[in-house]
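**Q** Contents of start.pdb (PDB, C-alpha atoms, pLDDT in the B column) are below:
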ATOM      1  CA  MET M   1     -64.166 210.896  50.809  1.00 85.00           C
ATOM      2  CA  SER M   2     -64.867 208.237  53.432  1.00 92.00           C
ATOM      3  CA  PRO M   3     -63.473 204.693  53.124  1.00 95.00           C
ATOM      4  CA  GLU M   4     -67.046 203.350  53.186  1.00 95.00           C
ATOM      5  CA  VAL M   5     -67.954 205.365  50.084  1.00 95.00           C
ATOM      6  CA  LEU M   6     -64.706 204.486  48.292  1.00 96.00           C
ATOM      7  CA  LYS M   7     -65.511 200.790  48.699  1.00 97.00           C
ATOM      8  CA  ARG M   8     -68.514 201.352  46.416  1.00 98.00           C
ATOM      9  CA  VAL M   9     -66.562 203.305  43.792  1.00 98.00           C
ATOM     10  CA  ILE M  10     -65.600 202.089  40.342  1.00 98.00           C
ATOM     11  CA  LEU M  11     -62.668 204.313  39.406  1.00 98.00           C
ATOM     12  CA  ALA M  12     -62.715 205.421  35.770  1.00 98.00           C
ATOM     13  CA  LEU M  13     -59.298 205.179  34.114  1.00 98.00           C
ATOM     14  CA  ASP M  14     -60.195 207.706  31.438  1.00 94.00           C
ATOM     15  CA  THR M  15     -56.762 208.214  29.933  1.00 96.00           C
ATOM     16  CA  PRO M  16     -54.891 206.934  26.858  1.00 97.00           C
ATOM     17  CA  ASP M  17     -51.687 206.807  28.921  1.00 97.00           C
ATOM     18  CA  LEU M  18     -50.862 203.326  30.224  1.00 97.00           C
ATOM     19  CA  GLY M  19     -48.371 204.612  32.766  1.00 97.00           C
ATOM     20  CA  GLN M  20     -50.948 206.981  34.229  1.00 97.00           C
ATOM     21  CA  ALA M  21     -53.575 204.226  34.400  1.00 98.00           C
ATOM     22  CA  GLN M  22     -51.119 201.898  36.133  1.00 98.00           C
ATOM     23  CA  ALA M  23     -50.216 204.578  38.669  1.00 97.00           C
ATOM     24  CA  TRP M  24     -53.891 205.140  39.503  1.00 98.00           C
ATOM     25  CA  VAL M  25     -54.480 201.402  39.882  1.00 98.00           C
ATOM     26  CA  GLN M  26     -51.499 200.985  42.152  1.00 97.00           C
ATOM     27  CA  HIS M  27     -52.563 203.928  44.320  1.00 97.00           C
ATOM     28  CA  TYR M  28     -56.271 203.066  44.611  1.00 98.00           C
ATOM     29  CA  SER M  29     -56.391 199.256  44.361  1.00 98.00           C
ATOM     30  CA  ALA M  30     -56.835 198.801  48.111  1.00 97.00           C
ATOM     31  CA  GLN M  31     -59.442 201.569  48.365  1.00 97.00           C
ATOM     32  CA  VAL M  32     -61.968 201.247  45.536  1.00 98.00           C
ATOM     33  CA  HIS M  33     -64.129 198.327  44.420  1.00 98.00           C
ATOM     34  CA  ALA M  34     -63.145 198.158  40.731  1.00 98.00           C
ATOM     35  CA  PHE M  35     -61.611 200.012  37.794  1.00 98.00           C
ATOM     36  CA  LYS M  36     -63.313 201.097  34.582  1.00 98.00           C
ATOM     37  CA  ILE M  37     -61.521 201.096  31.255  1.00 98.00           C
ATOM     38  CA  GLY M  38     -62.934 202.431  28.008  1.00 97.00           C
ATOM     39  CA  GLY M  39     -62.060 203.148  24.425  1.00 97.00           C
ATOM     40  CA  ALA M  40     -59.030 205.345  25.097  1.00 97.00           C
ATOM     41  CA  LEU M  41     -57.004 202.510  26.626  1.00 98.00           C
ATOM     42  CA  VAL M  42     -58.469 199.604  24.659  1.00 98.00           C
ATOM     43  CA  LEU M  43     -57.997 201.252  21.265  1.00 97.00           C
ATOM     44  CA  ARG M  44     -54.355 201.995  22.027  1.00 97.00           C
ATOM     45  CA  TYR M  45     -53.359 198.763  23.802  1.00 97.00           C
ATOM     46  CA  GLY M  46     -55.994 196.193  22.853  1.00 97.00           C
ATOM     47  CA  LEU M  47     -57.875 193.934  25.247  1.00 97.00           C
ATOM     48  CA  GLY M  48     -54.531 192.810  26.633  1.00 96.00           C
ATOM     49  CA  ILE M  49     -54.792 195.923  28.800  1.00 98.00           C
ATOM     50  CA  VAL M  50     -57.139 193.917  31.034  1.00 98.00           C
ATOM     51  CA  GLU M  51     -54.404 191.481  32.033  1.00 97.00           C
ATOM     52  CA  THR M  52     -51.821 194.259  32.280  1.00 98.00           C
ATOM     53  CA  LEU M  53     -53.882 196.223  34.784  1.00 98.00           C
ATOM     54  CA  ARG M  54     -54.830 193.064  36.653  1.00 98.00           C
ATOM     55  CA  HIS M  55     -51.118 192.503  37.331  1.00 98.00           C
ATOM     56  CA  ASP M  56     -50.946 196.047  38.693  1.00 98.00           C
ATOM     57  CA  GLY M  57     -53.677 195.320  41.224  1.00 98.00           C
ATOM     58  CA  ALA M  58     -56.964 195.826  39.366  1.00 98.00           C
ATOM     59  CA  GLU M  59     -58.781 192.765  40.673  1.00 97.00           C
ATOM     60  CA  ARG M  60     -62.084 193.763  39.017  1.00 98.00           C
ATOM     61  CA  ILE M  61     -62.209 195.369  35.571  1.00 98.00           C
ATOM     62  CA  PHE M  62     -65.326 197.105  34.286  1.00 98.00           C
ATOM     63  CA  LEU M  63     -65.038 197.184  30.477  1.00 98.00           C
ATOM     64  CA  ASP M  64     -67.033 200.198  29.337  1.00 98.00           C
ATOM     65  CA  LEU M  65     -67.209 199.952  25.538  1.00 98.00           C
ATOM     66  CA  LYS M  66     -70.997 200.331  25.310  1.00 98.00           C
ATOM     67  CA  PHE M  67     -71.562 197.703  22.620  1.00 98.00           C
ATOM     68  CA  HIS M  68     -74.330 198.643  20.177  1.00 98.00           C
ATOM     69  CA  ASP M  69     -74.625 196.716  16.910  1.00 98.00           C
ATOM     70  CA  ILE M  70     -76.583 193.917  15.301  1.00 98.00           C
ATOM     71  CA  PRO M  71     -77.105 190.909  17.631  1.00 98.00           C
ATOM     72  CA  HIS M  72     -74.472 188.660  16.041  1.00 98.00           C
ATOM     73  CA  VAL M  73     -71.721 191.279  16.208  1.00 98.00           C
ATOM     74  CA  VAL M  74     -72.512 192.150  19.828  1.00 98.00           C
ATOM     75  CA  GLN M  75     -72.629 188.463  20.724  1.00 98.00           C
ATOM     76  CA  LEU M  76     -69.080 188.001  19.385  1.00 98.00           C
ATOM     77  CA  ALA M  77     -67.799 191.104  21.158  1.00 98.00           C
ATOM     78  CA  VAL M  78     -69.364 190.210  24.497  1.00 98.00           C
ATOM     79  CA  ARG M  79     -68.027 186.662  24.312  1.00 98.00           C
ATOM     80  CA  THR M  80     -64.526 187.934  23.581  1.00 98.00           C
ATOM     81  CA  ALA M  81     -64.674 190.337  26.501  1.00 97.00           C
ATOM     82  CA  GLY M  82     -66.019 187.623  28.779  1.00 98.00           C
ATOM     83  CA  GLU M  83     -63.168 185.305  27.901  1.00 97.00           C
ATOM     84  CA  GLN M  84     -60.752 188.017  29.064  1.00 96.00           C
ATOM     85  CA  GLY M  85     -62.196 187.699  32.551  1.00 97.00           C
ATOM     86  CA  VAL M  86     -63.691 191.158  32.855  1.00 98.00           C
ATOM     87  CA  TRP M  87     -65.940 191.624  35.888  1.00 98.00           C
ATOM     88  CA  MET M  88     -68.544 193.851  34.225  1.00 98.00           C
ATOM     89  CA  LEU M  89     -69.246 195.294  30.766  1.00 98.00           C
ATOM     90  CA  THR M  90     -71.705 197.639  29.097  1.00 98.00           C
ATOM     91  CA  LEU M  91     -74.022 197.546  26.108  1.00 98.00           C
ATOM     92  CA  HIS M  92     -76.591 200.080  24.932  1.00 98.00           C
ATOM     93  CA  THR M  93     -80.159 199.068  25.713  1.00 98.00           C
ATOM     94  CA  SER M  94     -81.214 201.010  22.612  1.00 97.00           C
ATOM     95  CA  GLY M  95     -79.747 198.157  20.572  1.00 98.00           C
ATOM     96  CA  GLY M  96     -82.987 196.287  21.226  1.00 98.00           C
ATOM     97  CA  GLU M  97     -84.177 193.092  22.843  1.00 98.00           C
ATOM     98  CA  ALA M  98     -82.640 190.679  20.329  1.00 98.00           C
ATOM     99  CA  MET M  99     -79.233 192.280  20.807  1.00 98.00           C
ATOM    100  CA  MET M 100     -79.457 192.138  24.615  1.00 98.00           C
ATOM    101  CA  ARG M 101     -80.629 188.517  24.621  1.00 98.00           C
ATOM    102  CA  SER M 102     -77.750 187.586  22.314  1.00 98.00           C
ATOM    103  CA  ALA M 103     -75.317 189.153  24.765  1.00 98.00           C
ATOM    104  CA  VAL M 104     -76.782 187.135  27.637  1.00 98.00           C
ATOM    105  CA  GLU M 105     -76.511 183.921  25.617  1.00 98.00           C
ATOM    106  CA  ALA M 106     -72.926 184.716  24.619  1.00 98.00           C
ATOM    107  CA  VAL M 107     -71.574 184.363  28.156  1.00 98.00           C
ATOM    108  CA  ALA M 108     -74.097 181.997  29.736  1.00 98.00           C
ATOM    109  CA  ASP M 109     -71.678 179.052  29.788  1.00 98.00           C
ATOM    110  CA  LEU M 110     -68.621 180.898  31.104  1.00 98.00           C
ATOM    111  CA  PRO M 111     -67.619 179.801  34.624  1.00 95.00           C
ATOM    112  CA  ASN M 112     -67.105 183.415  35.761  1.00 95.00           C
ATOM    113  CA  ARG M 113     -69.255 185.323  33.335  1.00 98.00           C
ATOM    114  CA  PRO M 114     -69.169 189.129  33.339  1.00 98.00           C
ATOM    115  CA  LEU M 115     -72.038 191.184  34.702  1.00 98.00           C
ATOM    116  CA  LEU M 116     -73.944 192.672  31.755  1.00 99.00           C
ATOM    117  CA  MET M 117     -75.037 196.258  32.308  1.00 98.00           C
ATOM    118  CA  GLY M 118     -77.434 198.131  30.057  1.00 98.00           C
ATOM    119  CA  VAL M 119     -76.741 201.794  29.372  1.00 98.00           C
ATOM    120  CA  THR M 120     -80.061 203.645  29.571  1.00 97.00           C
ATOM    121  CA  VAL M 121     -79.634 207.402  28.940  1.00 95.00           C
ATOM    122  CA  LEU M 122     -76.200 209.015  29.015  1.00 91.00           C
ATOM    123  CA  THR M 123     -75.715 211.460  31.882  1.00 83.00           C
ATOM    124  CA  SER M 124     -74.715 214.135  29.378  1.00 86.00           C
ATOM    125  CA  LEU M 125     -78.239 214.130  27.879  1.00 90.00           C
ATOM    126  CA  GLY M 126     -81.130 216.196  29.147  1.00 88.00           C
ATOM    127  CA  ALA M 127     -84.744 216.406  27.951  1.00 92.00           C
ATOM    128  CA  GLU M 128     -83.953 218.802  25.123  1.00 94.00           C
ATOM    129  CA  ALA M 129     -81.170 216.588  23.793  1.00 94.00           C
ATOM    130  CA  LEU M 130     -83.493 213.562  23.815  1.00 96.00           C
ATOM    131  CA  GLN M 131     -86.046 215.536  21.810  1.00 96.00           C
ATOM    132  CA  THR M 132     -83.473 216.339  19.140  1.00 96.00           C
ATOM    133  CA  ILE M 133     -82.801 212.633  18.552  1.00 95.00           C
ATOM    134  CA  GLY M 134     -86.496 211.799  18.316  1.00 96.00           C
ATOM    135  CA  ILE M 135     -87.248 210.559  21.833  1.00 96.00           C
ATOM    136  CA  PRO M 136     -90.402 212.321  23.054  1.00 95.00           C
ATOM    137  CA  ARG M 137     -89.982 211.327  26.700  1.00 95.00           C
ATOM    138  CA  THR M 138     -88.260 212.823  29.722  1.00 95.00           C
ATOM    139  CA  PRO M 139     -84.946 211.263  30.766  1.00 94.00           C
ATOM    140  CA  ARG M 140     -86.703 209.602  33.747  1.00 95.00           C
ATOM    141  CA  ALA M 141     -89.372 208.033  31.551  1.00 97.00           C
ATOM    142  CA  GLN M 142     -86.837 206.866  28.984  1.00 98.00           C
ATOM    143  CA  VAL M 143     -84.530 205.389  31.638  1.00 97.00           C
ATOM    144  CA  LEU M 144     -87.402 203.405  33.152  1.00 98.00           C
ATOM    145  CA  ARG M 145     -88.505 202.189  29.733  1.00 98.00           C
ATOM    146  CA  MET M 146     -85.024 200.960  28.818  1.00 98.00           C
ATOM    147  CA  ALA M 147     -84.441 199.433  32.265  1.00 98.00           C
ATOM    148  CA  ARG M 148     -87.614 197.368  31.898  1.00 98.00           C
ATOM    149  CA  GLN M 149     -86.331 195.953  28.612  1.00 98.00           C
ATOM    150  CA  ALA M 150     -82.921 195.219  30.121  1.00 98.00           C
ATOM    151  CA  HIS M 151     -84.539 193.399  33.046  1.00 98.00           C
ATOM    152  CA  GLN M 152     -86.803 191.368  30.777  1.00 98.00           C
ATOM    153  CA  CYS M 153     -83.852 190.352  28.609  1.00 98.00           C
ATOM    154  CA  GLY M 154     -81.840 189.014  31.534  1.00 98.00           C
ATOM    155  CA  LEU M 155     -79.231 191.736  31.982  1.00 98.00           C
ATOM    156  CA  ASP M 156     -77.752 192.052  35.449  1.00 98.00           C
ATOM    157  CA  GLY M 157     -78.490 195.733  35.825  1.00 98.00           C
ATOM    158  CA  VAL M 158     -78.363 199.167  34.270  1.00 98.00           C
ATOM    159  CA  ILE M 159     -76.272 202.298  34.106  1.00 98.00           C
ATOM    160  CA  ALA M 160     -78.346 205.320  35.076  1.00 96.00           C
ATOM    161  CA  SER M 161     -77.851 208.802  36.460  1.00 92.00           C
ATOM    162  CA  PRO M 162     -78.351 209.631  40.145  1.00 91.00           C
ATOM    163  CA  LEU M 163     -81.664 211.311  39.360  1.00 92.00           C
ATOM    164  CA  GLU M 164     -83.290 208.006  38.365  1.00 95.00           C
ATOM    165  CA  ILE M 165     -81.981 205.752  41.137  1.00 96.00           C
ATOM    166  CA  ARG M 166     -85.009 205.905  43.446  1.00 96.00           C
ATOM    167  CA  LEU M 167     -87.404 205.396  40.538  1.00 97.00           C
ATOM    168  CA  LEU M 168     -85.488 202.348  39.329  1.00 98.00           C
ATOM    169  CA  ARG M 169     -85.100 200.838  42.773  1.00 98.00           C
ATOM    170  CA  ARG M 170     -88.865 200.983  43.343  1.00 97.00           C
ATOM    171  CA  HIS M 171     -89.399 198.881  40.210  1.00 98.00           C
ATOM    172  CA  PHE M 172     -86.305 196.665  40.345  1.00 98.00           C
ATOM    173  CA  PRO M 173     -85.157 195.511  43.790  1.00 97.00           C
ATOM    174  CA  PRO M 174     -81.808 193.735  44.306  1.00 96.00           C
ATOM    175  CA  PRO M 175     -80.101 191.728  42.970  1.00 97.00           C
ATOM    176  CA  PHE M 176     -80.762 193.899  39.879  1.00 98.00           C
ATOM    177  CA  LEU M 177     -77.815 196.307  39.920  1.00 98.00           C
ATOM    178  CA  ILE M 178     -77.770 200.067  39.506  1.00 98.00           C
ATOM    179  CA  VAL M 179     -74.402 201.561  38.589  1.00 98.00           C
ATOM    180  CA  THR M 180     -74.332 205.325  38.657  1.00 96.00           C
ATOM    181  CA  PRO M 181     -72.045 207.773  36.844  1.00 93.00           C
ATOM    182  CA  GLY M 182     -72.506 211.524  37.145  1.00 86.00           C
ATOM    183  CA  ILE M 183     -71.160 211.519  40.696  1.00 91.00           C
ATOM    184  CA  ARG M 184     -69.741 214.812  41.894  1.00 82.00           C
ATOM    185  CA  PRO M 185     -68.706 215.856  45.411  1.00 77.00           C
ATOM    186  CA  ALA M 186     -70.609 218.841  46.794  1.00 67.00           C
ATOM    187  CA  GLN M 187     -69.615 222.188  45.253  1.00 58.00           C
ATOM    188  CA  SER M 188     -67.669 220.555  42.403  1.00 59.00           C
ATOM    189  CA  ASP M 189     -67.966 221.372  38.705  1.00 56.00           C
ATOM    190  CA  PRO M 190     -70.367 218.964  36.910  1.00 51.00           C
ATOM    191  CA  GLY M 191     -68.339 219.266  33.693  1.00 55.00           C
ATOM    192  CA  ASP M 192     -70.169 217.830  30.679  1.00 49.00           C
ATOM    193  CA  GLN M 193     -72.659 215.845  32.770  1.00 50.00           C
ATOM    194  CA  LYS M 194     -76.193 217.163  33.251  1.00 52.00           C
ATOM    195  CA  ARG M 195     -77.790 214.800  35.781  1.00 59.00           C
ATOM    196  CA  THR M 196     -75.536 214.560  38.832  1.00 73.00           C
ATOM    197  CA  ALA M 197     -75.521 214.020  42.607  1.00 87.00           C
ATOM    198  CA  THR M 198     -73.043 213.606  45.437  1.00 92.00           C
ATOM    199  CA  PRO M 199     -71.747 210.132  46.344  1.00 94.00           C
ATOM    200  CA  GLU M 200     -73.724 210.101  49.581  1.00 94.00           C
ATOM    201  CA  GLN M 201     -76.967 211.108  47.838  1.00 93.00           C
ATOM    202  CA  ALA M 202     -76.577 208.367  45.226  1.00 95.00           C
ATOM    203  CA  LEU M 203     -75.898 205.648  47.790  1.00 96.00           C
ATOM    204  CA  ARG M 204     -78.842 206.697  49.950  1.00 95.00           C
ATOM    205  CA  ALA M 205     -81.077 206.558  46.874  1.00 95.00           C
ATOM    206  CA  GLY M 206     -80.129 202.916  46.263  1.00 97.00           C
ATOM    207  CA  ALA M 207     -77.138 202.813  43.914  1.00 98.00           C
ATOM    208  CA  ASP M 208     -74.959 199.716  44.155  1.00 98.00           C
ATOM    209  CA  TYR M 209     -71.800 201.232  42.684  1.00 98.00           C
ATOM    210  CA  LEU M 210     -70.633 204.744  41.820  1.00 98.00           C
ATOM    211  CA  VAL M 211     -68.501 205.513  38.770  1.00 96.00           C
ATOM    212  CA  MET M 212     -66.047 208.301  39.500  1.00 95.00           C
ATOM    213  CA  GLY M 213     -63.095 209.597  37.534  1.00 93.00           C
ATOM    214  CA  ARG M 214     -62.229 213.256  37.240  1.00 84.00           C
ATOM    215  CA  ALA M 215     -64.117 214.199  40.407  1.00 84.00           C
ATOM    216  CA  LEU M 216     -61.993 211.829  42.519  1.00 89.00           C
ATOM    217  CA  LEU M 217     -58.680 211.892  40.666  1.00 89.00           C
ATOM    218  CA  GLY M 218     -58.742 215.677  40.386  1.00 76.00           C
ATOM    219  CA  GLN M 219     -58.702 215.950  44.165  1.00 58.00           C
ATOM    220  CA  ARG M 220     -55.499 213.911  44.344  1.00 54.00           C
ATOM    221  CA  GLU M 221     -53.788 215.344  41.288  1.00 48.00           C
ATOM    222  CA  GLY M 222     -54.785 218.946  42.025  1.00 38.00           C
ATOM    223  CA  LEU M 223     -56.813 219.181  38.848  1.00 34.00           C
ATOM    224  CA  GLY M 224     -59.910 221.236  38.256  1.00 30.00           C
TER     225      GLY M 224
END
With the file now loaded, output its structure as structure tokens.
**A**
Amino acid sequence: MSPEVLKRVILALDTPDLGQAQAWVQHYSAQVHAFKIGGALVLRYGLGIVETLRHDGAERIFLDLKFHDIPHVVQLAVRTAGEQGVWMLTLHTSGGEAMMRSAVEAVADLPNRPLLMGVTVLTSLGAEALQTIGIPRTPRAQVLRMARQAHQCGLDGVIASPLEIRLLRRHFPPPFLIVTPGIRPAQSDPGDQKRTATPEQALRAGADYLVMGRALLGQREGLG
């Protein structure tokens, strides 16, 4: 993968093993834009993992805990994360407008507030899966609907699959951010993700950052 593409990558540290996460950070810190941590690391080591990985070279931390609760609870969680100095964090847009506005208010006075990103439709969900949970729209229509709410509520951007990037960019020009998971190099196994594209395709479509984990780390570690 070219250095230009890697500079737009947020590397997903999807492991419960601190030593493994630290090794990845140390190897990739000069190559990628940021590092994503989720429940596996935070549940085992607490939010202190942010400072630990920062010492190892993770200058920007994307905290991907996908907050989704009543407004007051999300407000407390987002504030706590913001005080840890995370660069970016996620919350589910399906939590509603009051919840998203509470998140925005929670960090408004922080000197270096985190970027708030709204999760639209998970890349593992297709049209049939949306139907089973009572959403009568296509993934594209649902993503656009949720992105509009996120934009109106003051979020900094959304998380959306590569298949919705062009649609979103037509409606929401920069500085509204589009962060894209579901990135797979050509000829690679999509795994449990349904709506995917190559890194080059996603960047040409208008993505700001690409979230990659297994597809990038597997190449180095010799994994499938």
**Q** Using all atoms listed in the file and a cutoff of 12 Å, can you tell me which residues are near (-75.2, 202.8, 49.9) in the file's coordinates, and write them out as an MDAnalysis selection string?
**A** chainID M and resid 4:9 165 178:180 198:210
**Q** What does the file look like for those residues with C-alpha atoms, as an mmCIF file, in the coordinates of the input?
**A**
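What ended up in again-v8.cif:
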data_model
loop_
_atom_site.group_PDB
_atom_site.id
_atom_site.type_symbol
_atom_site.label_atom_id
_atom_site.label_comp_id
_atom_site.auth_asym_id
_atom_site.auth_seq_id
_atom_site.Cartn_x
_atom_site.Cartn_y
_atom_site.Cartn_z
ATOM 1 C CA GLU M 4 -67.046 203.350 53.186
ATOM 2 C CA VAL M 5 -67.954 205.365 50.084
ATOM 3 C CA LEU M 6 -64.706 204.486 48.292
ATOM 4 C CA LYS M 7 -65.511 200.790 48.699
ATOM 5 C CA ARG M 8 -68.514 201.352 46.416
ATOM 6 C CA VAL M 9 -66.562 203.305 43.792
ATOM 7 C CA ILE M 165 -81.981 205.752 41.137
ATOM 8 C CA ILE M 178 -77.770 200.067 39.506
ATOM 9 C CA VAL M 179 -74.402 201.561 38.589
ATOM 10 C CA THR M 180 -74.332 205.325 38.657
ATOM 11 C CA THR M 198 -73.043 213.606 45.437
ATOM 12 C CA PRO M 199 -71.747 210.132 46.344
ATOM 13 C CA GLU M 200 -73.724 210.101 49.581
ATOM 14 C CA GLN M 201 -76.967 211.108 47.838
ATOM 15 C CA ALA M 202 -76.577 208.367 45.226
ATOM 16 C CA LEU M 203 -75.898 205.648 47.790
ATOM 17 C CA ARG M 204 -78.842 206.697 49.950
ATOM 18 C CA ALA M 205 -81.077 206.558 46.874
ATOM 19 C CA GLY M 206 -80.129 202.916 46.263
ATOM 20 C CA ALA M 207 -77.138 202.813 43.914
ATOM 21 C CA ASP M 208 -74.959 199.716 44.155
ATOM 22 C CA TYR M 209 -71.800 201.232 42.684
ATOM 23 C CA LEU M 210 -70.633 204.744 41.820
#
**Q** Neighbours of region 102-109 of chain M within 10 Å (all atoms listed in the file; same-chain residues fewer than 2 positions away dropped), as a count of residues only?
**A** 30
**Q** Near Ala34 (chain M), counting all atoms listed in the file, which residues have an atom at most 8 Å away, once you skip same-chain residues fewer than 4 positions from it, shown as a PyMOL selection string?
**A** chain M and resi 9-11+29+58-62
**Q** Enter the distance from CA of Met88 (chain M) to CA of Asp64 (chain M), in Å, rounded to one decimal.
**A**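 Going from CA of Met88 (chain M) over to CA of Asp64 (chain M), I get 8.2 Å.
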**Q** As an exercise, work out the distance from CA of Val42 (chain M) to CA of Leu65 (chain M) in Å and give it to one decimal place.
**A**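 Distance between the two atoms: 8.8 Å.
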**Q** Can you list, as an mmCIF file with C-alpha atoms, keeping the file's coordinate frame, the residues that the PyMOL selection byres ((chain M and resi 171) around 12) selects here?
**A**
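Result saved to expr-v7.cif:
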data_model
loop_
_atom_site.group_PDB
_atom_site.id
_atom_site.type_symbol
_atom_site.label_atom_id
_atom_site.label_comp_id
_atom_site.auth_asym_id
_atom_site.auth_seq_id
_atom_site.Cartn_x
_atom_site.Cartn_y
_atom_site.Cartn_z
ATOM 1 C CA VAL M 143 -84.530 205.389 31.638
ATOM 2 C CA LEU M 144 -87.402 203.405 33.152
ATOM 3 C CA ARG M 145 -88.505 202.189 29.733
ATOM 4 C CA ALA M 147 -84.441 199.433 32.265
ATOM 5 C CA ARG M 148 -87.614 197.368 31.898
ATOM 6 C CA HIS M 151 -84.539 193.399 33.046
ATOM 7 C CA GLU M 164 -83.290 208.006 38.365
ATOM 8 C CA ILE M 165 -81.981 205.752 41.137
ATOM 9 C CA ARG M 166 -85.009 205.905 43.446
ATOM 10 C CA LEU M 167 -87.404 205.396 40.538
ATOM 11 C CA LEU M 168 -85.488 202.348 39.329
ATOM 12 C CA ARG M 169 -85.100 200.838 42.773
ATOM 13 C CA ARG M 170 -88.865 200.983 43.343
ATOM 14 C CA PHE M 172 -86.305 196.665 40.345
ATOM 15 C CA PRO M 173 -85.157 195.511 43.790
ATOM 16 C CA PRO M 174 -81.808 193.735 44.306
ATOM 17 C CA PHE M 176 -80.762 193.899 39.879
ATOM 18 C CA LEU M 177 -77.815 196.307 39.920
ATOM 19 C CA ILE M 178 -77.770 200.067 39.506
ATOM 20 C CA GLY M 206 -80.129 202.916 46.263
#
**Q** Using only C-alpha atoms, which of the listed residues (M:Ile133, M:Ile183, M:Val86, M:Met117) sits closest to Ile159 (chain M)?
**A** M:Met117
**Q** Between CA of Ala127 (chain M) and CA of His92 (chain M), what is the spacing in Å?
**A**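 One can read the CA of His92 (chain M) to CA of Ala127 (chain M) distance as 18.5 Å.
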**Q** Evaluate the PyMOL selection byres ((chain M and resi 49-52) around 9) on the structure here and hand back the selected residues as JSON, numbers by chain.
**A** {"M": [18, 22, 37, 41, 42, 45, 46, 47, 48, 53, 54, 55, 56, 58, 61, 63, 84, 85, 86]}
**Q** Convert the output of the PyMOL selection byres ((chain M and resi 15) around 12) on the shown file into explicit residues, formatted as a short mmCIF file (atom, residue, chain, number, x, y, z; two decimals) with C-alpha atoms, in the coordinates of the input.
**A**
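New file expr.cif:
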data_model
loop_
_atom_site.label_atom_id
_atom_site.label_comp_id
_atom_site.auth_asym_id
_atom_site.auth_seq_id
_atom_site.Cartn_x
_atom_site.Cartn_y
_atom_site.Cartn_z
CA LEU M 11 -62.67 204.31 39.41
CA ALA M 12 -62.72 205.42 35.77
CA LEU M 13 -59.30 205.18 34.11
CA ASP M 14 -60.20 207.71 31.44
CA PRO M 16 -54.89 206.93 26.86
CA ASP M 17 -51.69 206.81 28.92
CA LEU M 18 -50.86 203.33 30.22
CA GLY M 19 -48.37 204.61 32.77
CA GLN M 20 -50.95 206.98 34.23
CA ALA M 21 -53.58 204.23 34.40
CA GLN M 22 -51.12 201.90 36.13
CA ALA M 23 -50.22 204.58 38.67
CA TRP M 24 -53.89 205.14 39.50
CA LYS M 36 -63.31 201.10 34.58
CA ILE M 37 -61.52 201.10 31.26
CA GLY M 38 -62.93 202.43 28.01
CA GLY M 39 -62.06 203.15 24.42
CA ALA M 40 -59.03 205.34 25.10
CA LEU M 41 -57.00 202.51 26.63
CA VAL M 42 -58.47 199.60 24.66
CA LEU M 43 -58.00 201.25 21.26
CA ARG M 44 -54.36 202.00 22.03
CA TYR M 45 -53.36 198.76 23.80
CA GLY M 213 -63.10 209.60 37.53
CA ARG M 214 -62.23 213.26 37.24
CA LEU M 217 -58.68 211.89 40.67
#
**Q** Please determine, counting all atoms listed in the file, which residue among M:Met1, M:Gln149, M:Val25, M:Gly118 has the shortest atom-to-atom distance to His68 (chain M).
**A**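 Smallest distance to His68 (chain M) is found for M:Gly118.
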**Q** Please, what is the axis-aligned box for every listed atom of region 195-213 of chain M with 3 Å on each side, as centre and edge lengths in Å to one decimal, as lines of an AutoDock Vina configuration file?
**A**
center_x = -72.1
center_y = 207.3
center_z = 42.9
size_x = 24.0
size_y = 21.1
size_z = 20.2
**Q** Within 12 Å of (-82.4, 207.9, 25.7), in the coordinates the file gives, what residues turn up when you count all atoms listed in the file, written out as an NGL selection string?
**A** :M and (92-95 or 118-147 or 159-161)
**Q** Output requested as a compact mmCIF listing (two decimals), keeping the file's coordinate frame - region 9-18 of chain M, filled out with N, CA and C atoms.
**A**
# COMPACT_ATOMS: atom_id res chain seq x y z
N VAL M 9 -66.97 202.54 44.97
CA VAL M 9 -66.56 203.30 43.79
C VAL M 9 -65.91 202.41 42.75
N ILE M 10 -66.31 202.63 41.50
CA ILE M 10 -65.60 202.09 40.34
C ILE M 10 -64.82 203.26 39.76
N LEU M 11 -63.50 203.20 39.83
CA LEU M 11 -62.67 204.31 39.41
C LEU M 11 -62.45 204.27 37.89
N ALA M 12 -62.83 205.34 37.22
CA ALA M 12 -62.72 205.42 35.77
C ALA M 12 -61.30 205.80 35.36
N LEU M 13 -60.65 204.92 34.62
CA LEU M 13 -59.30 205.18 34.11
C LEU M 13 -59.42 205.81 32.73
N ASP M 14 -59.93 207.03 32.70
CA ASP M 14 -60.20 207.71 31.44
C ASP M 14 -58.95 208.45 30.98
N THR M 15 -58.02 207.68 30.43
CA THR M 15 -56.76 208.21 29.93
C THR M 15 -56.24 207.28 28.84
N PRO M 16 -55.54 207.82 27.84
CA PRO M 16 -54.89 206.93 26.86
C PRO M 16 -53.48 206.55 27.27
N ASP M 17 -53.05 206.99 28.45
CA ASP M 17 -51.69 206.81 28.92
C ASP M 17 -51.62 205.60 29.85
N LEU M 18 -50.95 204.54 29.42
CA LEU M 18 -50.86 203.33 30.22
C LEU M 18 -50.17 203.58 31.56
